[in-house]
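Undergrad: Hey, dropping my_file_38.tsv in here, TSV, C-alpha atoms and all ligand atoms:
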```tsv
chain	number	residue	atom	x	y	z
A	1	MET	CA	40.18	174.61	120.33
A	2	SER	CA	40.36	172.35	123.37
A	3	GLU	CA	37.69	174.09	125.43
A	4	GLY	CA	35.03	173.33	122.79
A	5	PRO	CA	33.80	169.91	123.91
A	6	SER	CA	34.02	170.79	127.60
A	7	ARG	CA	31.99	173.94	127.07
A	8	ARG	CA	29.39	172.00	125.16
A	9	ALA	CA	29.33	169.46	127.94
A	10	ALA	CA	28.92	172.24	130.48
A	11	LEU	CA	26.03	173.69	128.53
A	12	ALA	CA	24.44	170.27	128.22
A	13	LEU	CA	24.83	169.73	131.96
A	14	LEU	CA	23.32	173.11	132.55
A	15	GLY	CA	20.36	172.24	130.38
A	16	GLY	CA	19.94	168.96	132.24
A	17	GLY	CA	20.20	170.75	135.56
A	18	ALA	CA	17.53	173.22	134.57
A	19	LEU	CA	15.28	170.33	133.58
A	20	ALA	CA	15.91	168.47	136.82
A	21	LEU	CA	15.15	171.59	138.82
A	22	ALA	CA	12.09	172.48	136.82
A	23	GLY	CA	9.81	170.74	139.27
A	24	CYS	CA	10.71	172.89	142.26
A	25	LYS	CA	12.36	175.99	140.90
A	26	PRO	CA	11.13	177.54	137.67
A	27	GLN	CA	13.77	178.67	135.19
A	28	ASP	CA	12.90	182.32	135.15
A	29	TRP	CA	15.72	183.84	133.09
A	30	TYR	CA	14.78	185.39	129.80
A	31	GLY	CA	18.20	184.52	128.46
A	32	THR	CA	20.07	181.24	128.55
A	33	ASP	CA	21.92	180.79	131.83
A	34	VAL	CA	25.65	180.49	131.06
A	35	SER	CA	27.03	180.99	134.57
A	36	GLY	CA	30.25	178.99	134.77
A	37	ALA	CA	29.99	177.96	131.12
A	38	LEU	CA	31.41	181.04	129.41
A	39	PRO	CA	34.60	182.91	130.31
A	40	ASP	CA	34.60	186.13	132.32
A	41	LEU	CA	34.49	189.46	130.54
A	42	ARG	CA	37.95	190.29	129.21
A	43	PHE	CA	38.90	192.51	126.31
A	44	SER	CA	41.19	195.29	125.22
A	45	LEU	CA	39.56	197.59	122.65
A	46	SER	CA	39.41	201.28	121.78
A	47	ARG	CA	36.41	203.48	122.42
A	48	ALA	CA	35.19	204.83	119.07
A	49	ARG	CA	34.31	208.23	120.49
A	50	ASP	CA	37.81	209.23	121.58
A	51	GLY	CA	40.17	206.33	120.88
A	52	LYS	CA	40.69	205.66	124.58
A	53	GLY	CA	41.81	202.10	125.31
A	54	LEU	CA	39.26	200.29	127.46
A	55	THR	CA	39.20	196.92	129.21
A	56	GLN	CA	36.74	194.98	131.32
A	57	ASP	CA	38.00	196.91	134.36
A	58	ASP	CA	36.36	200.07	133.05
A	59	PHE	CA	32.96	198.39	133.44
A	60	ARG	CA	33.35	196.91	136.93
A	61	GLY	CA	30.11	197.24	138.87
A	62	GLN	CA	28.06	197.46	135.68
A	63	VAL	CA	25.90	194.84	134.04
A	64	VAL	CA	27.46	194.57	130.58
A	65	ALA	CA	25.55	193.60	127.44
A	66	LEU	CA	28.18	192.82	124.79
A	67	PHE	CA	27.43	192.18	121.14
A	68	PHE	CA	28.97	192.40	117.70
A	69	GLY	CA	27.97	194.06	114.45
A	70	TYR	CA	28.87	196.72	111.89
A	71	THR	CA	27.47	200.06	110.80
A	72	TYR	CA	26.73	199.04	107.18
A	73	CYS	CA	24.24	196.56	108.62
A	74	PRO	CA	20.76	197.93	107.76
A	75	ASP	CA	18.63	195.34	109.51
A	76	ILE	CA	19.83	193.29	112.48
A	77	CYS	CA	22.33	195.71	114.05
A	78	PRO	CA	20.11	198.81	114.22
A	79	LEU	CA	17.25	196.60	115.40
A	80	THR	CA	19.39	195.19	118.22
A	81	LEU	CA	20.39	198.72	119.25
A	82	ALA	CA	16.76	199.88	118.99
A	83	ASN	CA	15.85	196.99	121.29
A	84	MET	CA	18.58	198.20	123.67
A	85	VAL	CA	16.89	201.60	123.66
A	86	ALA	CA	13.58	199.95	124.51
A	87	LEU	CA	15.39	198.02	127.24
A	88	THR	CA	16.91	201.15	128.82
A	89	ASP	CA	13.50	202.85	128.62
A	90	LYS	CA	11.99	199.86	130.40
A	91	LEU	CA	14.74	199.89	133.04
A	92	GLY	CA	14.18	203.57	133.81
A	93	GLY	CA	16.52	204.59	136.63
A	94	ASP	CA	18.07	201.11	136.64
A	95	ALA	CA	19.43	201.76	133.13
A	96	ALA	CA	22.40	203.41	134.84
A	97	LYS	CA	23.42	199.90	135.95
A	98	LEU	CA	23.70	198.70	132.33
A	99	SER	CA	26.50	199.27	129.84
A	100	VAL	CA	25.90	198.22	126.24
A	101	LEU	CA	29.08	197.39	124.32
A	102	PHE	CA	28.88	197.26	120.52
A	103	VAL	CA	32.04	195.82	118.96
A	104	THR	CA	32.50	196.27	115.23
A	105	VAL	CA	33.60	193.23	113.23
A	106	ASP	CA	34.20	195.51	110.23
A	107	PRO	CA	36.92	197.99	111.27
A	108	ASP	CA	37.87	198.60	107.62
A	109	ARG	CA	34.65	200.52	107.01
A	110	ASP	CA	33.73	201.43	110.56
A	111	THR	CA	35.89	204.43	111.26
A	112	PRO	CA	35.86	205.59	114.89
A	113	ALA	CA	33.80	208.63	113.89
A	114	ALA	CA	31.18	206.55	112.04
A	115	LEU	CA	30.89	203.92	114.78
A	116	SER	CA	30.66	206.57	117.47
A	117	GLN	CA	27.91	208.41	115.57
A	118	PHE	CA	26.03	205.16	114.89
A	119	VAL	CA	26.00	204.00	118.50
A	120	ALA	CA	25.35	207.44	120.03
A	121	ALA	CA	22.23	207.83	117.88
A	122	PHE	CA	20.62	205.08	119.97
A	123	THR	CA	21.50	205.41	123.62
A	124	PRO	CA	24.19	207.07	125.74
A	125	ARG	CA	24.35	203.73	127.62
A	126	ALA	CA	26.04	202.23	124.54
A	127	THR	CA	29.75	202.38	123.75
A	128	GLY	CA	31.16	201.63	120.30
A	129	LEU	CA	34.40	199.63	120.45
A	130	ILE	CA	37.03	199.03	117.77
A	131	GLY	CA	39.91	196.59	117.94
A	132	THR	CA	43.09	195.90	116.05
A	133	PRO	CA	42.83	192.60	114.16
A	134	ASP	CA	44.48	190.84	117.13
A	135	GLN	CA	42.25	192.50	119.72
A	136	LEU	CA	39.14	191.64	117.74
A	137	ALA	CA	40.32	188.06	117.24
A	138	ASP	CA	40.93	187.73	120.99
A	139	VAL	CA	37.49	188.82	122.10
A	140	THR	CA	35.59	186.99	119.38
A	141	ARG	CA	37.50	183.76	120.00
A	142	ARG	CA	36.89	184.05	123.71
A	143	TYR	CA	33.11	183.97	123.23
A	144	ARG	CA	33.18	181.92	120.03
A	145	VAL	CA	31.58	184.70	118.05
A	146	THR	CA	31.64	183.82	114.40
A	147	TYR	CA	31.98	186.55	111.83
A	148	LYS	CA	33.09	186.75	108.26
A	149	VAL	CA	34.06	189.78	106.24
A	150	ALA	CA	34.10	189.11	102.50
A	151	PRO	CA	37.44	189.77	100.77
A	152	HIS	CA	37.52	193.29	99.38
A	153	ALA	CA	39.87	195.85	97.89
A	154	PRO	CA	41.24	198.56	100.19
A	155	GLY	CA	38.73	201.40	100.37
A	156	ALA	CA	35.85	199.28	99.04
A	157	THR	CA	32.51	200.04	100.69
A	158	ASP	CA	30.42	197.30	99.12
A	159	TYR	CA	31.06	193.85	100.56
A	160	ALA	CA	29.21	191.32	102.65
A	161	VAL	CA	29.63	190.74	106.37
A	162	SER	CA	28.09	188.01	108.50
A	163	HIS	CA	28.26	187.95	112.28
A	164	GLY	CA	26.90	186.32	115.41
A	165	LYS	CA	23.88	188.14	116.79
A	166	THR	CA	23.94	186.79	120.34
A	167	VAL	CA	24.13	189.30	123.21
A	168	TYR	CA	26.46	188.26	126.07
A	169	VAL	CA	25.48	189.56	129.49
A	170	PHE	CA	27.97	189.85	132.38
A	171	ASP	CA	27.54	190.82	136.01
A	172	GLY	CA	29.37	193.61	137.84
A	173	GLN	CA	32.28	191.26	138.58
A	174	GLY	CA	32.63	190.37	134.92
A	175	LYS	CA	31.11	186.88	135.30
A	176	ALA	CA	29.14	185.68	132.28
A	177	ARG	CA	25.53	185.21	133.41
A	178	VAL	CA	23.19	184.83	130.45
A	179	ILE	CA	23.18	185.07	126.68
A	180	TRP	CA	20.28	186.52	124.73
A	181	THR	CA	19.98	184.66	121.47
A	182	GLU	CA	16.68	186.20	120.39
A	183	PHE	CA	17.38	189.83	121.23
A	184	ALA	CA	18.14	190.76	117.61
A	185	ASP	CA	14.54	189.95	116.69
A	186	ALA	CA	11.61	192.28	116.15
A	187	THR	CA	9.76	190.30	118.80
A	188	ALA	CA	12.52	190.43	121.43
A	189	ASP	CA	11.10	190.18	124.96
A	190	ILE	CA	12.11	193.55	126.39
A	191	ASP	CA	10.39	192.92	129.75
A	192	GLY	CA	12.23	189.62	130.06
A	193	ALA	CA	15.57	191.21	129.26
A	194	ALA	CA	14.91	193.98	131.82
A	195	GLY	CA	14.17	191.29	134.39
A	196	ASP	CA	17.53	189.63	133.63
A	197	VAL	CA	19.41	192.93	133.97
A	198	ARG	CA	17.78	193.73	137.32
A	199	ARG	CA	18.42	190.25	138.63
A	200	ILE	CA	22.07	190.30	137.53
A	201	ALA	CA	22.55	193.81	138.94
A	202	ALA	CA	21.31	192.51	142.28
A	203	MET	CA	23.84	189.64	142.24
A	204	ALA	CA	27.04	191.63	142.19
B	1	MET	CA	-7.01	176.74	60.89
B	2	LYS	CA	-9.84	179.12	61.69
B	3	ARG	CA	-10.63	177.06	64.69
B	4	LEU	CA	-7.01	177.08	65.82
B	5	PHE	CA	-6.94	180.84	65.43
B	6	ALA	CA	-10.10	181.18	67.50
B	7	LEU	CA	-8.58	178.96	70.16
B	8	LEU	CA	-5.47	181.08	70.15
B	9	LEU	CA	-7.58	184.22	70.55
B	10	VAL	CA	-9.42	182.71	73.46
B	11	SER	CA	-6.24	181.68	75.20
B	12	LEU	CA	-4.71	185.09	74.53
B	13	SER	CA	-7.72	186.83	75.96
B	14	LEU	CA	-7.35	184.66	79.05
B	15	LEU	CA	-3.66	185.35	79.22
B	16	VAL	CA	-3.61	189.10	78.67
B	17	PRO	CA	-5.58	190.24	81.71
B	18	ALA	CA	-3.63	187.78	83.83
B	19	LEU	CA	-0.38	189.30	82.65
B	20	ALA	CA	-1.57	192.84	83.06
B	21	LYS	CA	-2.78	192.28	86.57
B	22	ALA	CA	-0.56	189.40	87.61
B	23	GLY	CA	-2.77	189.16	90.71
B	24	VAL	CA	-1.32	192.42	91.99
B	25	ALA	CA	-4.76	194.06	92.16
B	26	ASP	CA	-5.58	191.66	94.97
B	27	LEU	CA	-2.52	192.59	97.02
B	28	THR	CA	-2.80	194.91	99.98
B	29	VAL	CA	0.13	196.69	101.59
B	30	GLU	CA	0.07	197.48	105.27
B	31	ALA	CA	2.34	199.35	107.65
B	32	PRO	CA	5.22	200.33	105.36
B	33	TRP	CA	8.18	201.97	107.08
B	34	ALA	CA	11.90	202.51	106.85
B	35	ARG	CA	14.47	203.38	109.48
B	36	ALA	CA	16.07	206.81	109.26
B	37	SER	CA	19.70	206.79	108.11
B	38	LEU	CA	22.21	207.34	110.87
B	39	ILE	CA	25.23	207.95	108.70
B	40	ALA	CA	25.45	208.99	105.05
B	41	GLY	CA	26.63	206.26	102.71
B	42	ARG	CA	25.09	203.37	104.64
B	43	PRO	CA	22.40	201.19	103.08
B	44	ALA	CA	18.85	201.33	104.42
B	45	ALA	CA	15.98	198.85	104.69
B	46	ALA	CA	12.24	199.18	104.11
B	47	TYR	CA	9.57	197.00	105.68
B	48	MET	CA	5.86	196.30	105.18
B	49	VAL	CA	3.23	193.57	105.22
B	50	LEU	CA	1.83	192.23	101.94
B	51	LYS	CA	-1.46	190.33	101.88
B	52	ASN	CA	-2.73	188.39	98.92
B	53	THR	CA	-6.52	188.62	99.06
B	54	GLY	CA	-6.94	187.08	95.60
B	55	THR	CA	-7.22	183.55	94.26
B	56	GLU	CA	-3.93	183.48	92.35
B	57	PRO	CA	-0.44	183.30	93.80
B	58	VAL	CA	1.68	186.40	93.24
B	59	THR	CA	5.45	186.44	93.10
B	60	LEU	CA	7.49	189.34	94.43
B	61	THR	CA	10.68	189.63	92.39
B	62	GLY	CA	12.19	193.00	93.24
B	63	ALA	CA	11.74	196.70	93.90
B	64	ARG	CA	12.84	200.08	92.64
B	65	THR	CA	12.79	203.56	94.09
B	66	PRO	CA	14.13	206.99	93.20
B	67	ALA	CA	15.48	207.09	96.77
B	68	ALA	CA	18.22	204.57	95.98
B	69	ALA	CA	20.33	203.60	92.97
B	70	MET	CA	19.68	199.95	93.80
B	71	ALA	CA	16.85	198.21	95.62
B	72	MET	CA	16.74	194.46	96.27
B	73	ILE	CA	14.65	192.06	98.27
B	74	HIS	CA	16.96	190.61	100.91
B	75	LYS	CA	16.62	187.86	103.43
B	76	THR	CA	18.38	187.84	106.79
B	77	GLU	CA	19.18	184.31	107.85
B	78	THR	CA	20.70	182.91	111.01
B	79	ASP	CA	22.54	179.59	110.98
B	80	ALA	CA	22.77	177.03	113.77
B	81	SER	CA	25.72	178.87	115.35
B	82	GLY	CA	23.70	182.09	115.60
B	83	THR	CA	25.57	183.74	112.74
B	84	THR	CA	23.43	186.08	110.73
B	85	SER	CA	23.93	187.14	107.14
B	86	MET	CA	21.82	188.63	104.40
B	87	SER	CA	21.48	187.63	100.80
B	88	PRO	CA	19.08	188.17	97.89
B	89	ALA	CA	15.77	186.55	98.77
B	90	GLY	CA	15.04	185.33	95.24
B	91	ASP	CA	11.45	185.16	94.03
B	92	LEU	CA	8.95	185.20	96.90
B	93	VAL	CA	5.62	183.54	96.16
B	94	ILE	CA	2.65	184.80	98.15
B	95	ALA	CA	-0.07	182.14	98.00
B	96	PRO	CA	-3.75	183.11	97.86
B	97	GLY	CA	-4.81	184.21	101.33
B	98	ALA	CA	-1.21	184.34	102.53
B	99	THR	CA	0.67	187.20	104.12
B	100	LEU	CA	4.30	188.12	103.50
B	101	GLN	CA	5.90	189.83	106.47
B	102	ILE	CA	8.70	192.09	105.34
B	103	ALA	CA	10.09	192.83	108.78
B	104	PRO	CA	13.39	193.26	110.65
B	105	GLY	CA	15.32	190.04	111.10
B	106	GLY	CA	13.51	188.39	108.19
B	107	ILE	CA	12.93	189.90	104.80
B	108	HIS	CA	13.76	193.52	103.98
B	109	VAL	CA	13.83	195.73	100.94
B	110	MET	CA	17.51	196.62	100.86
B	111	LEU	CA	18.17	200.14	99.60
B	112	MET	CA	21.72	200.68	98.40
B	113	ASN	CA	23.45	203.85	97.25
B	114	LEU	CA	20.81	206.18	98.62
B	115	ALA	CA	20.29	209.42	96.73
B	116	GLN	CA	20.40	211.08	100.15
B	117	PRO	CA	20.19	209.82	103.73
B	118	LEU	CA	16.64	208.89	104.78
B	119	LYS	CA	15.33	211.58	107.08
B	120	GLU	CA	12.84	210.93	109.87
B	121	GLY	CA	9.44	212.44	109.14
B	122	THR	CA	9.82	212.26	105.36
B	123	SER	CA	8.61	209.53	103.01
B	124	PHE	CA	9.65	208.12	99.66
B	125	PRO	CA	7.94	206.19	96.88
B	126	LEU	CA	8.81	202.53	96.39
B	127	THR	CA	7.62	200.31	93.55
B	128	LEU	CA	7.37	196.59	94.18
B	129	LEU	CA	7.94	194.41	91.12
B	130	PHE	CA	6.10	191.13	90.51
B	131	ALA	CA	6.48	188.22	88.13
B	132	GLY	CA	4.39	188.83	85.02
B	133	GLY	CA	5.17	192.53	85.05
B	134	GLY	CA	2.78	193.67	87.77
B	135	THR	CA	3.88	196.58	89.93
B	136	LEU	CA	2.64	198.08	93.15
B	137	ASP	CA	3.44	201.60	94.36
B	138	VAL	CA	3.96	202.17	98.07
B	139	GLU	CA	4.73	205.41	99.90
B	140	VAL	CA	7.17	204.54	102.69
B	141	PRO	CA	7.32	206.77	105.78
B	142	VAL	CA	10.73	207.21	107.39
B	143	LEU	CA	10.61	206.58	111.14
B	144	ALA	CA	13.17	207.32	113.84
B	145	ALA	CA	16.42	205.36	113.84
B	146	THR	CA	15.27	203.81	117.11
B	147	ALA	CA	12.02	202.46	115.61
B	148	ARG	CA	11.37	198.77	116.21
B	149	GLY	CA	8.36	198.43	113.95
B	150	PRO	CA	5.77	200.39	111.94
B	151	GLY	CA	4.45	201.94	115.17
B	152	GLY	CA	7.85	203.45	115.99
C	1	CU	CU	20.17	193.66	103.09
```
Let me see the file written as structure tokens.
Ligand SMILES: [Cu+2]
TA:
Amino acid sequence: MSEGPSRRAALALLGGGALALAGCKPQDWYGTDVSGALPDLRFSLSRARDGKGLTQDDFRGQVVALFFGYTYCPDICPLTLANMVALTDKLGGDAAKLSVLFVTVDPDRDTPAALSQFVAAFTPRATGLIGTPDQLADVTRRYRVTYKVAPHAPGATDYAVSHGKTVYVFDGQGKARVIWTEFADATADIDGAAGDVRRIAAMA
Amino acid sequence: MKRLFALLLVSLSLLVPALAKAGVADLTVEAPWARASLIAGRPAAAYMVLKNTGTEPVTLTGARTPAAAMAMIHKTETDASGTTSMSPAGDLVIAPGATLQIAPGGIHVMLMNLAQPLKEGTSFPLTLLFAGGGTLDVEVPVLAATARGPGG
């Protein structure tokens, strides 16, 4: 993909810029600033709860926290969603400004009903999204999310899945603002993430 | 010959208690917990902290529980691109004085083919298996699905 080196260069520049500015302006994001380095929010996926087709336009005006996982994931995915619950608790009334989007990378096992139940058990701020193979490929390629579903027979329920755990955060205009690379950890900085959400909500 | 036999006896007597205990008597378990199941048929994970207060290393090799047809020690790993996957952790040596954190995002006891979904407020017995045949029984409380650690 041709945008690879340029994106890396942009990120490197960004890192350099942050360093250069460190003397006068502290880098106070919890996440990694990706403004201008990652593409705007754009997707076409179906809401697990009712099958309704959704796009980025349905989340205009909201801070969007987008990440990827699957419901057979016993460790990282429920922890990330539990951290999202802690984040919405921390945000209090400001939680209404945040939409959490959980996209399954395992649509073979993640039926709409299962994904909807999984996500709803955490927070009403979260929406479970399912794509056709093309739709999923589009959104994962756009943000360079790696995932791998082990080959399996139709109907099999026992196979391995690996996936990127980064959370991508967009402002109300759909501009990529920060990524949270450590949010899937037991020690995720919830206060820091809440600070990012409030700051991004104030931008748009 | 007699002397050889005596030597053998001595080494056996040294060996037998070591095998029986395998250092497990000096292990403490703290803060065990598991996340409640959200959907039937999904695997679960159990967590805890193991401390080796003894003078011998102990090696965690596996686990079993009536709550699941299969229990395995798994490791969640993240590569340079941020891609996370889990795989069998293999034998985990806990050195004397060392602590093994079995916690989200690191090591977990993977519980597959649950007898029934784990229900918040209940608990289930789990037996940790160690090299040399030692075992350690732990009662694991089931916390809310939204729990982030042993404190909820
Ligand atoms: Cu596992």
Undergrad: Quote the spacing between CA of Thr53 in chain B and CA of Glu30 in chain B in Å to one decimal place.
TA: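 CA of Glu30 in chain B lies at a distance of 12.7 Å from CA of Thr53 in chain B.
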Undergrad: Report the distance between CA of Gly128 in chain A and CA of Leu101 in chain A in Å, rounded to one decimal place.
TA: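 Separation of CA of Gly128 in chain A and CA of Leu101 in chain A: 6.2 Å.
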Undergrad: Using all atoms listed in the file, pick whichever of A:Val63, A:Leu45, A:Val34, A:Val161 has the shortest atom-to-atom distance to ligand CU 1 (chain C).
TA: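 Under the stated criterion, the closest residue is A:Val161.
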Undergrad: Using all atoms listed in the file, determine which residues of chain A fall within 8 Å of chain B; present them as a ChimeraX atom specification.
TA: /A:71-76,78-79,81-83,85,114,117-118,121-122,146-147,161-166,181,184-186
Undergrad: Report, in Å with one decimal, the straight-line distance from CA of Leu143 in chain B to CA of Pro124 in chain A.
TA: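 Computed distance, CA of Leu143 in chain B to CA of Pro124 in chain A, equals 19.9 Å.
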Undergrad: Let me make sure I understand: among B:Ala89, B:Trp33, B:Val49, B:Leu129, which one has the smallest atom-to-atom distance to ligand CU 1 (chain C) if we use only C-alpha atoms and all ligand atoms?
TA: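 Smallest distance to ligand CU 1 (chain C) is found for B:Ala89.
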Undergrad: Looking at all atoms listed in the file, which of A:Ala95, A:Leu87, A:Leu115, A:Val64 is the one that sits closest to Asp50 in chain A?
TA: A:Leu115
Undergrad: So which one's closest to ligand CU 1 (chain C), B:Gly62, B:Met72, B:Glu56, B:Ala31? Using all atoms listed in the file, please.
TA: B:Met72
Undergrad: (31.2, 185.2, 126.4) in this file's frame - what residues fall within 8 Å of it? Use all atoms listed in the file and give the answer as a ChimeraX atom specification.
TA: /A:38-41,142-144,168-169,176
Undergrad: What does range 40-49 of chain B look like written to a file with all heavy atoms, as an mmCIF file, in the first residue's frame?
TA:
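Dumped everything to part_32.cif:
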```cif
data_model
loop_
_atom_site.group_PDB
_atom_site.id
_atom_site.type_symbol
_atom_site.label_atom_id
_atom_site.label_comp_id
_atom_site.auth_asym_id
_atom_site.auth_seq_id
_atom_site.Cartn_x
_atom_site.Cartn_y
_atom_site.Cartn_z
ATOM 1 N N ALA B 40 -23.676 -17.889 26.581
ATOM 2 C CA ALA B 40 -23.376 -19.321 26.698
ATOM 3 C C ALA B 40 -22.493 -19.747 25.527
ATOM 4 O O ALA B 40 -22.595 -19.213 24.426
ATOM 5 C CB ALA B 40 -24.675 -20.114 26.712
ATOM 6 N N GLY B 41 -21.612 -20.701 25.794
ATOM 7 C CA GLY B 41 -20.798 -21.262 24.725
ATOM 8 C C GLY B 41 -19.474 -20.555 24.514
ATOM 9 O O GLY B 41 -18.631 -21.042 23.774
ATOM 10 N N ARG B 42 -19.287 -19.406 25.182
ATOM 11 C CA ARG B 42 -18.012 -18.697 25.043
ATOM 12 C C ARG B 42 -17.039 -19.183 26.110
ATOM 13 O O ARG B 42 -17.450 -19.526 27.222
ATOM 14 C CB ARG B 42 -18.220 -17.195 25.237
ATOM 15 C CG ARG B 42 -18.500 -16.370 23.990
ATOM 16 C CD ARG B 42 -19.421 -17.020 23.062
ATOM 17 N NE ARG B 42 -19.829 -16.178 21.938
ATOM 18 C CZ ARG B 42 -20.780 -16.516 21.098
ATOM 19 N NH1 ARG B 42 -21.414 -17.670 21.242
ATOM 20 N NH2 ARG B 42 -21.108 -15.730 20.088
ATOM 21 N N PRO B 43 -15.758 -19.182 25.815
ATOM 22 C CA PRO B 43 -14.773 -19.538 26.841
ATOM 23 C C PRO B 43 -14.682 -18.446 27.908
ATOM 24 O O PRO B 43 -15.134 -17.329 27.691
ATOM 25 C CB PRO B 43 -13.463 -19.650 26.067
ATOM 26 C CG PRO B 43 -13.671 -18.870 24.821
ATOM 27 C CD PRO B 43 -15.140 -18.873 24.519
ATOM 28 N N ALA B 44 -14.135 -18.811 29.054
ATOM 29 C CA ALA B 44 -13.956 -17.855 30.140
ATOM 30 C C ALA B 44 -12.484 -17.846 30.541
ATOM 31 O O ALA B 44 -11.690 -18.653 30.057
ATOM 32 C CB ALA B 44 -14.830 -18.229 31.326
ATOM 33 N N ALA B 45 -12.133 -16.927 31.441
ATOM 34 C CA ALA B 45 -10.760 -16.836 31.916
ATOM 35 C C ALA B 45 -10.770 -16.616 33.426
ATOM 36 O O ALA B 45 -11.642 -15.927 33.941
ATOM 37 C CB ALA B 45 -10.028 -15.684 31.228
ATOM 38 N N ALA B 46 -9.816 -17.246 34.106
ATOM 39 C CA ALA B 46 -9.660 -17.047 35.550
ATOM 40 C C ALA B 46 -8.305 -16.411 35.813
ATOM 41 O O ALA B 46 -7.342 -16.630 35.064
ATOM 42 C CB ALA B 46 -9.772 -18.384 36.291
ATOM 43 N N TYR B 47 -8.269 -15.601 36.866
ATOM 44 C CA TYR B 47 -7.062 -14.833 37.195
ATOM 45 C C TYR B 47 -6.726 -14.974 38.676
ATOM 46 O O TYR B 47 -7.591 -15.236 39.504
ATOM 47 C CB TYR B 47 -7.300 -13.349 36.876
ATOM 48 C CG TYR B 47 -7.783 -13.077 35.471
ATOM 49 C CD1 TYR B 47 -9.117 -12.773 35.218
ATOM 50 C CD2 TYR B 47 -6.900 -13.135 34.395
ATOM 51 C CE1 TYR B 47 -9.559 -12.517 33.926
ATOM 52 C CE2 TYR B 47 -7.342 -12.882 33.106
ATOM 53 C CZ TYR B 47 -8.674 -12.573 32.871
ATOM 54 O OH TYR B 47 -9.103 -12.323 31.599
ATOM 55 N N MET B 48 -5.480 -14.754 39.021
ATOM 56 C CA MET B 48 -5.045 -14.780 40.421
ATOM 57 C C MET B 48 -3.566 -14.382 40.476
ATOM 58 O O MET B 48 -2.916 -14.216 39.440
ATOM 59 C CB MET B 48 -5.236 -16.175 41.019
ATOM 60 C CG MET B 48 -4.314 -17.223 40.422
ATOM 61 S SD MET B 48 -4.950 -18.883 40.605
ATOM 62 C CE MET B 48 -6.289 -18.886 39.407
ATOM 63 N N VAL B 49 -3.070 -14.268 41.695
ATOM 64 C CA VAL B 49 -1.647 -13.968 41.890
ATOM 65 C C VAL B 49 -1.039 -15.120 42.689
ATOM 66 O O VAL B 49 -1.550 -15.483 43.748
ATOM 67 C CB VAL B 49 -1.473 -12.644 42.662
ATOM 68 C CG1 VAL B 49 0.009 -12.366 42.903
ATOM 69 C CG2 VAL B 49 -2.112 -11.491 41.893
#
```
